[in-house]
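Note: the block below is input_9.csv and it holds CSV, C-alpha atoms.
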```csv
chain,number,residue,atom,x,y,z
R,80,MET,CA,72.9,-161.0,35.6
R,81,PHE,CA,74.2,-158.4,33.2
R,82,GLY,CA,71.7,-157.5,30.5
R,83,LYS,CA,68.8,-159.3,32.2
R,84,LYS,CA,65.6,-157.6,33.4
R,85,PRO,CA,64.7,-157.9,37.1
R,86,TRP,CA,61.9,-160.3,36.4
R,87,GLU,CA,64.2,-162.6,34.3
R,88,ILE,CA,66.4,-163.3,37.3
R,89,PRO,CA,65.3,-166.3,39.4
R,90,HIS,CA,64.7,-165.3,43.0
R,91,ILE,CA,62.4,-165.8,46.0
R,92,ASP,CA,60.0,-163.0,46.8
R,93,THR,CA,59.5,-163.3,50.5
R,94,MET,CA,56.3,-161.2,50.3
R,95,GLU,CA,54.9,-163.9,48.0
R,96,LEU,CA,56.3,-166.6,50.2
R,97,TRP,CA,54.6,-165.3,53.3
R,98,LYS,CA,51.2,-165.0,51.8
R,99,PHE,CA,50.7,-168.6,52.8
R,100,GLY,CA,48.4,-169.2,49.8
R,101,ASP,CA,46.3,-166.1,50.3
R,102,TYR,CA,46.7,-163.9,47.1
R,103,LYS,CA,44.9,-160.9,48.7
R,104,SER,CA,47.1,-160.3,51.7
R,105,PHE,CA,50.6,-161.0,53.1
R,106,VAL,CA,52.4,-161.1,56.4
R,107,SER,CA,54.7,-158.1,56.9
R,108,LEU,CA,58.4,-158.3,57.8
R,109,GLU,CA,57.7,-156.2,60.8
R,110,LEU,CA,55.1,-158.6,62.2
R,111,LEU,CA,57.4,-161.6,61.6
R,112,ALA,CA,60.2,-159.7,63.4
R,113,HIS,CA,57.9,-159.2,66.4
R,114,LEU,CA,56.7,-162.8,66.4
R,115,PHE,CA,60.2,-164.2,66.3
R,116,LYS,CA,61.6,-161.6,68.7
R,117,VAL,CA,64.0,-160.1,66.2
R,118,PRO,CA,64.8,-156.4,66.2
R,119,THR,CA,62.4,-154.6,63.9
R,120,PRO,CA,63.8,-152.9,60.7
R,121,LYS,CA,61.0,-150.3,60.8
R,122,ASP,CA,62.3,-148.4,63.8
R,123,ASP,CA,63.1,-145.4,61.6
R,124,ILE,CA,61.3,-145.5,58.2
R,125,ASP,CA,59.3,-147.9,56.1
R,126,GLY,CA,59.0,-148.5,52.4
R,127,SER,CA,56.3,-145.9,51.9
R,128,MET,CA,58.7,-143.1,53.0
R,129,VAL,CA,61.7,-144.0,50.7
R,130,SER,CA,60.5,-141.8,47.8
R,131,SER,CA,60.2,-138.6,49.8
R,132,ILE,CA,63.5,-139.3,51.7
R,133,TYR,CA,65.3,-139.7,48.4
R,134,TYR,CA,63.8,-136.9,46.3
R,135,ILE,CA,62.9,-134.4,49.0
R,136,GLU,CA,65.3,-135.0,51.9
R,137,LYS,CA,68.0,-136.4,49.6
R,138,ASP,CA,69.2,-138.6,52.5
R,139,LEU,CA,70.6,-141.6,50.7
R,140,GLN,CA,72.4,-143.0,53.7
R,141,ARG,CA,69.1,-143.2,55.6
R,142,ILE,CA,67.7,-145.4,52.8
R,143,VAL,CA,70.9,-147.5,52.8
R,144,ASP,CA,70.5,-148.1,56.5
R,145,TYR,CA,66.9,-149.1,56.1
R,146,CYS,CA,67.7,-151.6,53.3
R,147,GLU,CA,70.6,-153.1,55.4
R,148,LYS,CA,68.3,-153.6,58.4
R,149,ASP,CA,65.7,-155.2,56.2
R,150,VAL,CA,68.3,-157.7,55.0
R,151,LEU,CA,69.6,-158.5,58.4
R,152,THR,CA,66.1,-158.9,59.8
R,153,LEU,CA,65.2,-161.3,57.0
R,154,ALA,CA,68.3,-163.3,57.7
R,155,ASN,CA,67.6,-163.5,61.4
R,156,ILE,CA,64.0,-164.6,60.8
R,157,PHE,CA,65.2,-167.5,58.7
R,158,ARG,CA,67.7,-168.3,61.4
R,159,ARG,CA,64.9,-168.4,63.9
R,160,MET,CA,62.9,-170.8,61.7
R,161,ARG,CA,66.0,-173.0,61.5
R,162,GLN,CA,66.4,-172.8,65.3
R,163,GLU,CA,69.8,-171.2,64.9
R,164,ASP,CA,71.2,-168.3,66.9
R,165,LEU,CA,70.6,-164.8,65.7
R,166,LEU,CA,73.5,-162.9,64.1
R,167,LYS,CA,75.6,-161.3,66.8
R,168,ARG,CA,74.6,-157.7,67.8
R,169,TYR,CA,78.1,-156.4,67.4
R,170,ILE,CA,77.6,-156.5,63.6
R,171,ASN,CA,77.5,-152.9,62.4
R,172,LEU,CA,74.1,-153.3,60.7
R,173,ASP,CA,72.5,-154.7,63.8
R,174,GLN,CA,73.7,-151.8,65.9
R,175,LYS,CA,71.5,-149.4,64.0
R,176,MET,CA,68.4,-151.3,64.9
R,177,LYS,CA,66.1,-150.8,67.9
R,178,PHE,CA,64.0,-153.2,69.9
R,179,THR,CA,60.3,-152.7,70.4
R,180,ASP,CA,58.8,-152.2,73.9
R,181,ASP,CA,57.5,-155.8,73.8
R,182,GLN,CA,60.9,-157.1,72.9
R,183,ILE,CA,62.5,-155.1,75.7
R,184,ALA,CA,60.0,-156.6,78.1
R,185,ASP,CA,60.8,-160.1,76.9
R,186,ILE,CA,64.5,-159.4,77.4
R,187,GLY,CA,63.8,-158.0,80.9
R,188,GLU,CA,61.9,-161.2,81.8
R,189,GLU,CA,64.8,-163.4,80.7
R,190,ILE,CA,67.2,-161.2,82.7
R,191,ILE,CA,65.1,-161.7,85.8
R,192,ASN,CA,65.0,-165.5,85.2
R,193,VAL,CA,68.8,-165.4,85.1
R,194,LEU,CA,69.1,-163.3,88.2
R,195,LYS,CA,67.0,-165.9,90.0
R,196,THR,CA,69.8,-168.5,89.4
R,197,VAL,CA,72.4,-166.4,91.4
R,198,TYR,CA,72.5,-167.0,95.1
R,199,ASP,CA,74.1,-165.3,98.1
R,200,PRO,CA,76.3,-168.0,99.6
R,201,GLU,CA,75.3,-167.1,103.1
R,202,ILE,CA,71.5,-167.2,102.5
R,203,PRO,CA,69.8,-170.0,100.6
R,204,VAL,CA,67.7,-167.5,98.5
R,205,ASP,CA,68.4,-166.1,95.1
R,206,ILE,CA,69.5,-162.5,94.9
R,207,TYR,CA,66.4,-161.3,93.1
R,208,GLU,CA,64.0,-162.6,95.7
R,209,LEU,CA,66.4,-161.5,98.4
R,210,GLY,CA,66.0,-157.9,97.2
R,211,LEU,CA,69.6,-157.3,96.3
R,212,VAL,CA,68.7,-156.1,92.8
R,213,TYR,CA,67.5,-152.6,93.1
R,214,ASP,CA,66.9,-151.8,89.4
R,215,VAL,CA,67.3,-153.3,85.9
R,216,GLN,CA,67.4,-150.7,83.1
R,217,ILE,CA,67.3,-151.7,79.4
R,218,SER,CA,67.7,-149.3,76.5
R,219,ASP,CA,66.1,-149.8,73.1
R,220,ASP,CA,69.5,-151.0,71.9
R,221,ALA,CA,69.4,-153.7,74.6
R,222,ASP,CA,72.2,-152.1,76.7
R,223,VAL,CA,71.5,-153.3,80.2
R,224,LYS,CA,72.3,-151.5,83.5
R,225,ILE,CA,71.9,-153.3,86.8
R,226,ILE,CA,71.9,-151.5,90.1
R,227,MET,CA,72.4,-153.9,93.0
R,228,THR,CA,73.7,-154.2,96.5
R,229,LEU,CA,75.0,-156.8,98.9
R,230,THR,CA,73.7,-157.8,102.3
R,231,THR,CA,76.7,-156.1,103.9
R,232,PRO,CA,79.7,-154.1,102.5
R,233,ASN,CA,81.9,-156.8,104.1
R,234,CYS,CA,80.3,-159.6,102.3
R,235,PRO,CA,82.9,-162.3,101.5
R,236,VAL,CA,81.7,-162.4,97.8
R,237,ALA,CA,81.8,-158.7,97.3
R,238,GLU,CA,84.3,-159.2,94.4
R,239,THR,CA,82.9,-162.3,92.8
R,240,LEU,CA,79.1,-162.0,93.1
R,241,PRO,CA,78.7,-158.8,91.0
R,242,GLN,CA,80.9,-160.2,88.3
R,243,GLU,CA,78.9,-163.5,88.3
R,244,VAL,CA,75.7,-161.4,87.8
R,245,LYS,CA,77.3,-159.4,85.0
R,246,ASP,CA,78.6,-162.5,83.2
R,247,LYS,CA,75.3,-164.3,83.4
R,248,VAL,CA,73.2,-161.4,82.2
R,249,ALA,CA,75.6,-160.8,79.3
R,250,GLU,CA,74.7,-164.3,78.1
R,251,VAL,CA,71.0,-163.5,77.7
R,252,GLU,CA,70.0,-163.5,74.1
R,253,ASN,CA,70.0,-160.1,72.4
R,254,VAL,CA,71.7,-158.3,75.3
R,255,LYS,CA,74.3,-156.0,73.8
R,256,SER,CA,76.2,-154.9,76.9
R,257,VAL,CA,76.0,-155.0,80.7
R,258,ASP,CA,76.9,-152.3,83.1
R,259,LEU,CA,76.7,-153.1,86.8
R,260,GLU,CA,76.6,-150.5,89.6
R,261,LEU,CA,77.1,-151.7,93.1
R,262,THR,CA,75.6,-149.4,95.8
R,263,PHE,CA,75.0,-149.5,99.5
R,264,GLU,CA,72.5,-146.6,99.5
R,265,PRO,CA,70.0,-147.6,100.7
R,266,SER,CA,71.6,-150.3,102.7
R,267,TRP,CA,69.9,-153.7,102.4
R,268,ASN,CA,67.6,-154.9,105.1
R,269,LYS,CA,65.2,-157.9,105.6
R,270,ASP,CA,62.2,-155.8,104.6
R,271,MET,CA,63.5,-155.8,101.0
R,272,MET,CA,63.0,-159.5,100.7
R,273,SER,CA,60.0,-160.8,98.8
R,274,GLU,CA,57.2,-162.7,100.6
R,275,GLU,CA,58.5,-165.9,98.9
R,276,ALA,CA,62.0,-165.4,100.3
R,277,LYS,CA,60.7,-164.6,103.8
R,278,PHE,CA,58.6,-167.8,103.7
R,279,GLU,CA,61.5,-169.9,102.4
R,280,LEU,CA,63.6,-168.6,105.3
R,281,GLY,CA,60.8,-169.3,107.8
R,282,MET,CA,60.2,-165.7,108.6
R,283,LEU,CA,56.5,-166.0,107.7
R,284,GLN,CA,56.0,-169.4,109.3
R,285,PHE,CA,54.4,-168.0,112.4
R,286,ASN,CA,52.0,-165.9,110.4
R,287,VAL,CA,51.0,-168.8,108.2
R,288,LEU,CA,50.4,-171.1,111.2
R,289,THR,CA,48.3,-168.3,112.9
R,290,TYR,CA,46.3,-167.9,109.7
R,291,GLN,CA,45.6,-171.6,109.4
R,292,SER,CA,44.6,-171.8,113.1
R,293,CYS,CA,42.2,-168.9,112.5
R,294,GLN,CA,40.7,-170.7,109.5
R,295,LYS,CA,40.1,-173.8,111.6
R,296,ALA,CA,38.6,-171.9,114.4
R,297,ALA,CA,36.2,-170.1,112.0
R,298,PHE,CA,35.2,-173.5,110.5
R,299,PHE,CA,34.2,-174.9,113.9
R,300,ILE,CA,32.4,-171.7,114.8
R,301,ASP,CA,30.3,-171.9,111.6
R,302,LYS,CA,29.5,-175.5,112.5
```
Would you write the structure of this file as C-alpha cells?
Amino acid sequence: MFGKKPWEIPHIDTMELWKFGDYKSFVSLELLAHLFKVPTPKDDIDGSMVSSIYYIEKDLQRIVDYCEKDVLTLANIFRRMRQEDLLKRYINLDQKMKFTDDQIADIGEEIINVLKTVYDPEIPVDIYELGLVYDVQISDDADVKIIMTLTTPNCPVAETLPQEVKDKVAEVENVKSVDLELTFEPSWNKDMMSEEAKFELGMLQFNVLTYQSCQKAAFFIDK
C-alpha cells in the first residue's frame, strides 16, 4: 500500500454497495443497523461533525471512538446477513455503543418471551403471567435489572428460581448483564395474576359460564 493513492487501492465502498443500483441515493449505515437490530454507531456523533470536533474541539479520541463503532457496526451487519451471531458485547469497542429505543423495546420483548418459559413448580402458570415479575428495566447499554418476587418467602425454589430467571435472561441476544432483585414488598397475591393465568387455573370459569349463559338468554329473548 506504500506509495499508492487511496483510489489506487482495491476496496469495497459499502456506500456504493448499498445503493442497490440507484446512483442518486444510498442506504445509511444507521438505517441498516436499525433494520438488523445492531447497536447504532451514531449514538454520539456522525460524519458531518468530525471536522468541527477535530479542528475546534480537538477531541481526537471522540473521533477514534466513532470510527471504531462504525467498523464494528459494519462487521455485525455482515454477520447478520450471513446469519451469524453478533460480536460479543464485552468487546471494548461495543461497550461504547448505545441501543436505540426501538432496539431496547425489541430486547424487552425477547426478555418477556423468555420469562414466559419459567414456571413456578407449584402452579402450572409461567412466572410472568403469574405476576411474579414486578419490573424489567433495560438501560441503553442493554444492562438488565429484574425485580421479582415469589408466591411466598418459604417457597421451596427460593434459591433456584431466581437464578434460573437470571441465567435465561442473560442468554437473550444483546443483553450485556443481568441484575436480579428479589423482593417481598408488596407481597404477592392472586390479584396480581393476569386474566390468562386466572382462566388457566379455572378462577374465571364461573364468570365465563355466566357470561355465556347470559348470551344465550339474550339470544332467546331477541327471538
Write out as a ChimeraX atom specification each polymer residue whose atoms come within 9 Å of range 240-253 of chain R, counting all atoms listed in the file; drop sequence neighbours fewer than 4 positions from it. /R:117-118,164-165,167-168,186,189-191,193-194,197-199,221,223,225,227-229,236,257-261
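Rounded to one decimal, CA of Glu136 in chain R and CA of Leu153 in chain R lie 26.8 Å from each other.
With CA of Cys146 in chain R on one side and CA of Asp222 in chain R on the other, the separation reads 23.8 Å.
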State, in Å with one decimal place, the distance from CA of Glu188 in chain R to CA of Tyr207 in chain R. 12.2 Å
Tell me which of R:Ile132, R:Glu109, R:Ile206, R:Gln216 sits closest to Asn192 in chain R, counting all atoms listed in the file. R:Ile206
Give as a ChimeraX atom specification the set of residues within 9 Å of the point (65.5, -150.8, 86.7), where distances use the file's coordinates and all atoms listed in the file. /R:212-217,224-226
For the residues selected in the previous step, produce a file with C-alpha atoms as a short mmCIF file (atom, residue, chain, number, x, y, z; two decimals), in the coordinates of the input.
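Result saved to part22.cif:
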```
data_model
loop_
_atom_site.label_atom_id
_atom_site.label_comp_id
_atom_site.auth_asym_id
_atom_site.auth_seq_id
_atom_site.Cartn_x
_atom_site.Cartn_y
_atom_site.Cartn_z
CA VAL R 212 68.70 -156.10 92.80
CA TYR R 213 67.50 -152.60 93.10
CA ASP R 214 66.90 -151.80 89.40
CA VAL R 215 67.30 -153.30 85.90
CA GLN R 216 67.40 -150.70 83.10
CA ILE R 217 67.30 -151.70 79.40
CA LYS R 224 72.30 -151.50 83.50
CA ILE R 225 71.90 -153.30 86.80
CA ILE R 226 71.90 -151.50 90.10
#
```
From the structure just shown, export range 246-265 of chain R with N, CA, C and O atoms as a PDB file, in the first residue's frame.
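Output contents, as saved in selection_4.pdb:
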```pdb
ATOM      1  N   ASP R 246     -30.209 -16.612  34.631  1.00  0.00           N
ATOM      2  CA  ASP R 246     -29.434 -17.331  33.615  1.00  0.00           C
ATOM      3  C   ASP R 246     -30.114 -17.281  32.249  1.00  0.00           C
ATOM      4  O   ASP R 246     -29.450 -17.086  31.219  1.00  0.00           O
ATOM      5  N   LYS R 247     -31.425 -17.437  32.229  1.00  0.00           N
ATOM      6  CA  LYS R 247     -32.141 -17.456  30.949  1.00  0.00           C
ATOM      7  C   LYS R 247     -32.168 -16.074  30.302  1.00  0.00           C
ATOM      8  O   LYS R 247     -32.014 -15.946  29.084  1.00  0.00           O
ATOM      9  N   VAL R 248     -32.356 -15.037  31.103  1.00  0.00           N
ATOM     10  CA  VAL R 248     -32.370 -13.678  30.554  1.00  0.00           C
ATOM     11  C   VAL R 248     -30.985 -13.304  30.029  1.00  0.00           C
ATOM     12  O   VAL R 248     -30.858 -12.609  29.020  1.00  0.00           O
ATOM     13  N   ALA R 249     -29.949 -13.781  30.693  1.00  0.00           N
ATOM     14  CA  ALA R 249     -28.579 -13.488  30.259  1.00  0.00           C
ATOM     15  C   ALA R 249     -28.285 -14.059  28.876  1.00  0.00           C
ATOM     16  O   ALA R 249     -27.381 -13.587  28.180  1.00  0.00           O
ATOM     17  N   GLU R 250     -29.056 -15.067  28.465  1.00  0.00           N
ATOM     18  CA  GLU R 250     -28.848 -15.689  27.157  1.00  0.00           C
ATOM     19  C   GLU R 250     -29.547 -14.944  26.029  1.00  0.00           C
ATOM     20  O   GLU R 250     -29.336 -15.251  24.856  1.00  0.00           O
ATOM     21  N   VAL R 251     -30.388 -13.959  26.370  1.00  0.00           N
ATOM     22  CA  VAL R 251     -31.081 -13.184  25.338  1.00  0.00           C
ATOM     23  C   VAL R 251     -30.053 -12.380  24.548  1.00  0.00           C
ATOM     24  O   VAL R 251     -29.158 -11.755  25.120  1.00  0.00           O
ATOM     25  N   GLU R 252     -30.194 -12.397  23.249  1.00  0.00           N
ATOM     26  CA  GLU R 252     -29.227 -11.718  22.382  1.00  0.00           C
ATOM     27  C   GLU R 252     -29.130 -10.232  22.717  1.00  0.00           C
ATOM     28  O   GLU R 252     -30.142  -9.560  22.922  1.00  0.00           O
ATOM     29  N   ASN R 253     -27.911  -9.737  22.786  1.00  0.00           N
ATOM     30  CA  ASN R 253     -27.570  -8.335  23.039  1.00  0.00           C
ATOM     31  C   ASN R 253     -27.658  -7.925  24.508  1.00  0.00           C
ATOM     32  O   ASN R 253     -27.279  -6.803  24.848  1.00  0.00           O
ATOM     33  N   VAL R 254     -28.153  -8.792  25.376  1.00  0.00           N
ATOM     34  CA  VAL R 254     -28.172  -8.455  26.802  1.00  0.00           C
ATOM     35  C   VAL R 254     -26.740  -8.475  27.324  1.00  0.00           C
ATOM     36  O   VAL R 254     -26.020  -9.456  27.167  1.00  0.00           O
ATOM     37  N   LYS R 255     -26.346  -7.387  27.953  1.00  0.00           N
ATOM     38  CA  LYS R 255     -24.961  -7.254  28.411  1.00  0.00           C
ATOM     39  C   LYS R 255     -24.766  -7.846  29.801  1.00  0.00           C
ATOM     40  O   LYS R 255     -23.797  -8.556  30.061  1.00  0.00           O
ATOM     41  N   SER R 256     -25.685  -7.536  30.719  1.00  0.00           N
ATOM     42  CA  SER R 256     -25.585  -8.058  32.081  1.00  0.00           C
ATOM     43  C   SER R 256     -26.983  -8.132  32.681  1.00  0.00           C
ATOM     44  O   SER R 256     -27.913  -7.469  32.211  1.00  0.00           O
ATOM     45  N   VAL R 257     -27.125  -8.941  33.725  1.00  0.00           N
ATOM     46  CA  VAL R 257     -28.429  -9.113  34.376  1.00  0.00           C
ATOM     47  C   VAL R 257     -28.262  -8.982  35.887  1.00  0.00           C
ATOM     48  O   VAL R 257     -27.439  -9.674  36.490  1.00  0.00           O
ATOM     49  N   ASP R 258     -29.036  -8.091  36.463  1.00  0.00           N
ATOM     50  CA  ASP R 258     -29.076  -7.933  37.914  1.00  0.00           C
ATOM     51  C   ASP R 258     -30.493  -8.277  38.362  1.00  0.00           C
ATOM     52  O   ASP R 258     -31.462  -7.737  37.816  1.00  0.00           O
ATOM     53  N   LEU R 259     -30.624  -9.179  39.310  1.00  0.00           N
ATOM     54  CA  LEU R 259     -31.950  -9.598  39.763  1.00  0.00           C
ATOM     55  C   LEU R 259     -32.139  -9.237  41.232  1.00  0.00           C
ATOM     56  O   LEU R 259     -31.308  -9.572  42.074  1.00  0.00           O
ATOM     57  N   GLU R 260     -33.230  -8.539  41.500  1.00  0.00           N
ATOM     58  CA  GLU R 260     -33.572  -8.154  42.878  1.00  0.00           C
ATOM     59  C   GLU R 260     -34.821  -8.918  43.300  1.00  0.00           C
ATOM     60  O   GLU R 260     -35.867  -8.816  42.662  1.00  0.00           O
ATOM     61  N   LEU R 261     -34.702  -9.671  44.378  1.00  0.00           N
ATOM     62  CA  LEU R 261     -35.835 -10.428  44.911  1.00  0.00           C
ATOM     63  C   LEU R 261     -36.450  -9.634  46.060  1.00  0.00           C
ATOM     64  O   LEU R 261     -35.753  -9.253  46.998  1.00  0.00           O
ATOM     65  N   THR R 262     -37.746  -9.367  45.962  1.00  0.00           N
ATOM     66  CA  THR R 262     -38.410  -8.564  46.981  1.00  0.00           C
ATOM     67  C   THR R 262     -39.737  -9.205  47.381  1.00  0.00           C
ATOM     68  O   THR R 262     -40.325  -9.963  46.613  1.00  0.00           O
ATOM     69  N   PHE R 263     -40.186  -8.874  48.575  1.00  0.00           N
ATOM     70  CA  PHE R 263     -41.492  -9.352  49.041  1.00  0.00           C
ATOM     71  C   PHE R 263     -42.374  -8.175  49.454  1.00  0.00           C
ATOM     72  O   PHE R 263     -43.307  -8.325  50.236  1.00  0.00           O
ATOM     73  N   GLU R 264     -42.041  -7.016  48.918  1.00  0.00           N
ATOM     74  CA  GLU R 264     -42.843  -5.818  49.139  1.00  0.00           C
ATOM     75  C   GLU R 264     -43.175  -5.191  47.787  1.00  0.00           C
ATOM     76  O   GLU R 264     -42.262  -4.711  47.094  1.00  0.00           O
ATOM     77  N   PRO R 265     -44.416  -5.203  47.380  1.00  0.00           N
ATOM     78  CA  PRO R 265     -45.545  -5.808  48.104  1.00  0.00           C
ATOM     79  C   PRO R 265     -45.519  -7.334  47.981  1.00  0.00           C
ATOM     80  O   PRO R 265     -44.909  -7.872  47.058  1.00  0.00           O
TER      81      PRO R 265
END
```
